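Novice: my_file_33.pdb is reproduced in full below (PDB, C-alpha atoms).
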```pdb
ATOM      1  CA  MET G   1     -43.088 -32.070 -22.090
ATOM      2  CA  VAL G   2     -45.912 -29.795 -23.272
ATOM      3  CA  ALA G   3     -45.780 -28.607 -26.860
ATOM      4  CA  GLU G   4     -46.282 -24.860 -27.300
ATOM      5  CA  GLU G   5     -48.994 -23.669 -29.628
ATOM      6  CA  PRO G   6     -47.620 -21.666 -32.551
ATOM      7  CA  GLU G   7     -48.457 -17.958 -32.400
ATOM      8  CA  ARG G   8     -51.020 -16.947 -34.997
ATOM      9  CA  GLN G   9     -52.334 -13.510 -35.881
ATOM     10  CA  VAL G  10     -56.071 -13.502 -36.544
ATOM     11  CA  PRO G  11     -57.654 -10.343 -37.968
ATOM     12  CA  VAL G  12     -60.511  -8.610 -36.187
ATOM     13  CA  VAL G  13     -63.473  -7.886 -38.479
ATOM     14  CA  TRP G  14     -66.414  -5.638 -37.621
ATOM     15  CA  VAL G  15     -69.512  -7.645 -38.600
ATOM     16  CA  GLY G  16     -72.801  -5.859 -39.334
ATOM     17  CA  LEU G  17     -71.256  -2.400 -39.118
ATOM     18  CA  ASP G  18     -73.009  -1.064 -42.223
ATOM     19  CA  GLU G  19     -76.402  -2.277 -40.981
ATOM     20  CA  ALA G  20     -76.144  -0.543 -37.590
ATOM     21  CA  PRO G  21     -78.038   2.760 -37.468
ATOM     22  CA  ILE G  22     -76.130   5.983 -36.836
ATOM     23  CA  GLN G  23     -77.705   7.902 -33.979
ATOM     24  CA  PHE G  24     -77.185  11.581 -33.206
ATOM     25  CA  ALA G  25     -75.939  12.140 -29.653
ATOM     26  CA  ASN G  26     -75.507  15.375 -27.708
ATOM     27  CA  GLN G  27     -75.917  14.274 -24.067
ATOM     28  CA  PHE G  28     -73.529  12.092 -22.070
ATOM     29  CA  ALA G  29     -73.575  10.793 -18.494
ATOM     30  CA  MET G  30     -71.133   8.489 -16.680
ATOM     31  CA  GLN G  31     -71.702   6.302 -13.631
ATOM     32  CA  GLY G  32     -69.155   4.199 -11.792
ATOM     33  CA  ILE G  33     -69.763   1.038  -9.791
ATOM     34  CA  GLU G  34     -66.664  -0.730  -8.408
ATOM     35  CA  ASN G  35     -64.650  -1.808 -11.492
ATOM     36  CA  GLU G  36     -67.438  -1.012 -13.967
ATOM     37  CA  LEU G  37     -68.230   2.227 -15.757
ATOM     38  CA  ILE G  38     -71.546   2.885 -17.449
ATOM     39  CA  LEU G  39     -71.696   5.514 -20.178
ATOM     40  CA  THR G  40     -75.193   6.648 -21.117
ATOM     41  CA  ILE G  41     -75.506   8.413 -24.454
ATOM     42  CA  GLY G  42     -78.596  10.388 -25.360
ATOM     43  CA  GLN G  43     -80.068  13.105 -27.483
ATOM     44  CA  ILE G  44     -82.002  16.184 -26.519
ATOM     45  CA  ALA G  45     -83.935  18.517 -28.763
ATOM     46  CA  PRO G  46     -85.218  21.909 -27.688
ATOM     47  CA  PRO G  47     -88.982  22.037 -27.271
ATOM     48  CA  MET G  48     -90.989  23.347 -30.199
ATOM     49  CA  LEU G  49     -92.327  26.768 -29.238
ATOM     50  CA  LEU G  50     -94.897  28.353 -31.516
ATOM     51  CA  GLY G  51     -96.915  31.550 -31.554
ATOM     52  CA  THR G  52     -96.300  35.053 -30.323
ATOM     53  CA  ASP G  53     -93.550  35.975 -27.877
ATOM     54  CA  GLU G  54     -96.102  35.843 -25.062
ATOM     55  CA  GLU G  55     -97.431  32.438 -26.162
ATOM     56  CA  ARG G  56     -93.900  31.032 -26.370
ATOM     57  CA  ARG G  57     -93.086  32.441 -22.911
ATOM     58  CA  GLN G  58     -96.187  30.716 -21.508
ATOM     59  CA  GLN G  59     -95.167  27.445 -23.175
ATOM     60  CA  ILE G  60     -91.715  27.666 -21.587
ATOM     61  CA  GLU G  61     -93.208  28.391 -18.160
ATOM     62  CA  ALA G  62     -95.491  25.352 -18.528
ATOM     63  CA  LEU G  63     -92.547  22.994 -19.070
ATOM     64  CA  SER G  64     -91.641  20.818 -16.106
ATOM     65  CA  TYR G  65     -88.682  19.206 -17.932
ATOM     66  CA  VAL G  66     -87.136  18.646 -21.341
ATOM     67  CA  PRO G  67     -86.722  14.921 -22.080
ATOM     68  CA  VAL G  68     -83.476  13.249 -23.131
ATOM     69  CA  LYS G  69     -83.971  10.221 -25.401
ATOM     70  CA  THR G  70     -81.577   7.418 -24.463
ATOM     71  CA  VAL G  71     -79.587   6.268 -27.491
ATOM     72  CA  CYS G  72     -77.602   3.568 -25.679
ATOM     73  CA  ARG G  73     -75.879   2.540 -22.472
ATOM     74  CA  VAL G  74     -72.401   1.023 -22.612
ATOM     75  CA  SER G  75     -70.574  -0.697 -19.769
ATOM     76  CA  PHE G  76     -66.795  -1.119 -19.645
ATOM     77  CA  THR G  77     -63.817  -1.310 -17.308
ATOM     78  CA  PRO G  78     -61.626   1.680 -16.393
ATOM     79  CA  GLU G  79     -58.888   0.184 -18.604
ATOM     80  CA  ARG G  80     -61.239   0.202 -21.604
ATOM     81  CA  LEU G  81     -62.151   3.808 -20.751
ATOM     82  CA  GLY G  82     -58.486   4.648 -21.313
ATOM     83  CA  GLU G  83     -58.665   2.990 -24.742
ATOM     84  CA  LEU G  84     -61.826   4.940 -25.579
ATOM     85  CA  ILE G  85     -60.185   8.209 -24.529
ATOM     86  CA  ASP G  86     -57.163   7.369 -26.711
ATOM     87  CA  VAL G  87     -59.340   6.644 -29.765
ATOM     88  CA  LEU G  88     -61.340   9.854 -29.301
ATOM     89  CA  THR G  89     -58.209  11.951 -28.722
ATOM     90  CA  GLN G  90     -56.479  10.517 -31.797
ATOM     91  CA  HIS G  91     -59.514  11.269 -33.954
ATOM     92  CA  ARG G  92     -59.877  14.786 -32.571
ATOM     93  CA  ASN G  93     -56.190  15.464 -33.221
ATOM     94  CA  LYS G  94     -56.463  14.160 -36.795
ATOM     95  CA  ARG G  95     -59.255  16.671 -37.395
ATOM     96  CA  GLY G  96     -57.047  19.532 -36.181
ATOM     97  CA  GLN G  97     -58.940  20.200 -32.938
ATOM     98  CA  ARG G  98     -56.212  20.196 -30.304
ATOM     99  CA  GLU G  99     -56.781  20.167 -26.557
ATOM    100  CA  THR G 100     -57.366  23.561 -24.996
TER     101      THR G 100
END
```
Written as structure tokens, that's how I'd like the structure from this file.
Specialist:
Amino acid sequence: MVAEEPERQVPVVWVGLDEAPIQFANQFAMQGIENELILTIGQIAPPMLLGTDEERRQQIEALSYVPVKTVCRVSFTPERLGELIDVLTQHRNKRGQRET
């Protein structure tokens, strides 16, 4: 006869949370590979344009791209994506911003 282990609740504690930097993010991209999703989070800032209207127009025409700085890449399963969506939806709803 095998003795059953008693059930025990162990709290989950976020360690190092206050030391982690807070990054601004305004760009998001998602990739999917089999049972893995990769969320890339980044930030983009408009290019600094200085001078007269004509000088700014020339600066815009000279741009070949506007860079996005990668903040982080996070990989998770589709099931965890559901959890992430739930957390984000709950927070949005708490702030009074309902789905449209």
Novice: Tell me, as a ChimeraX atom specification, which residues lie within 8 Å of range 64-81 of chain G, counting only C-alpha atoms; anything in the same chain fewer than 6 positions away does not count.
Specialist: /G:23,25,27,35-47
Novice: Would you place a box with edges along x, y and z of the file around all atoms of range 2-13 of chain G listed there, add 5 Å to each of its six sides, and report the centre and edge lengths in Å to one decimal, as JSON?
Specialist:
```
{"center_x": -54.6, "center_y": -18.8, "center_z": -30.9, "size_x": 27.7, "size_y": 31.9, "size_z": 25.2}
```
Novice: Give me, please, the distance in Å between CA of Leu88 in chain G and CA of Gln9 in chain G, quoted to one decimal.
Specialist: 25.9 Å
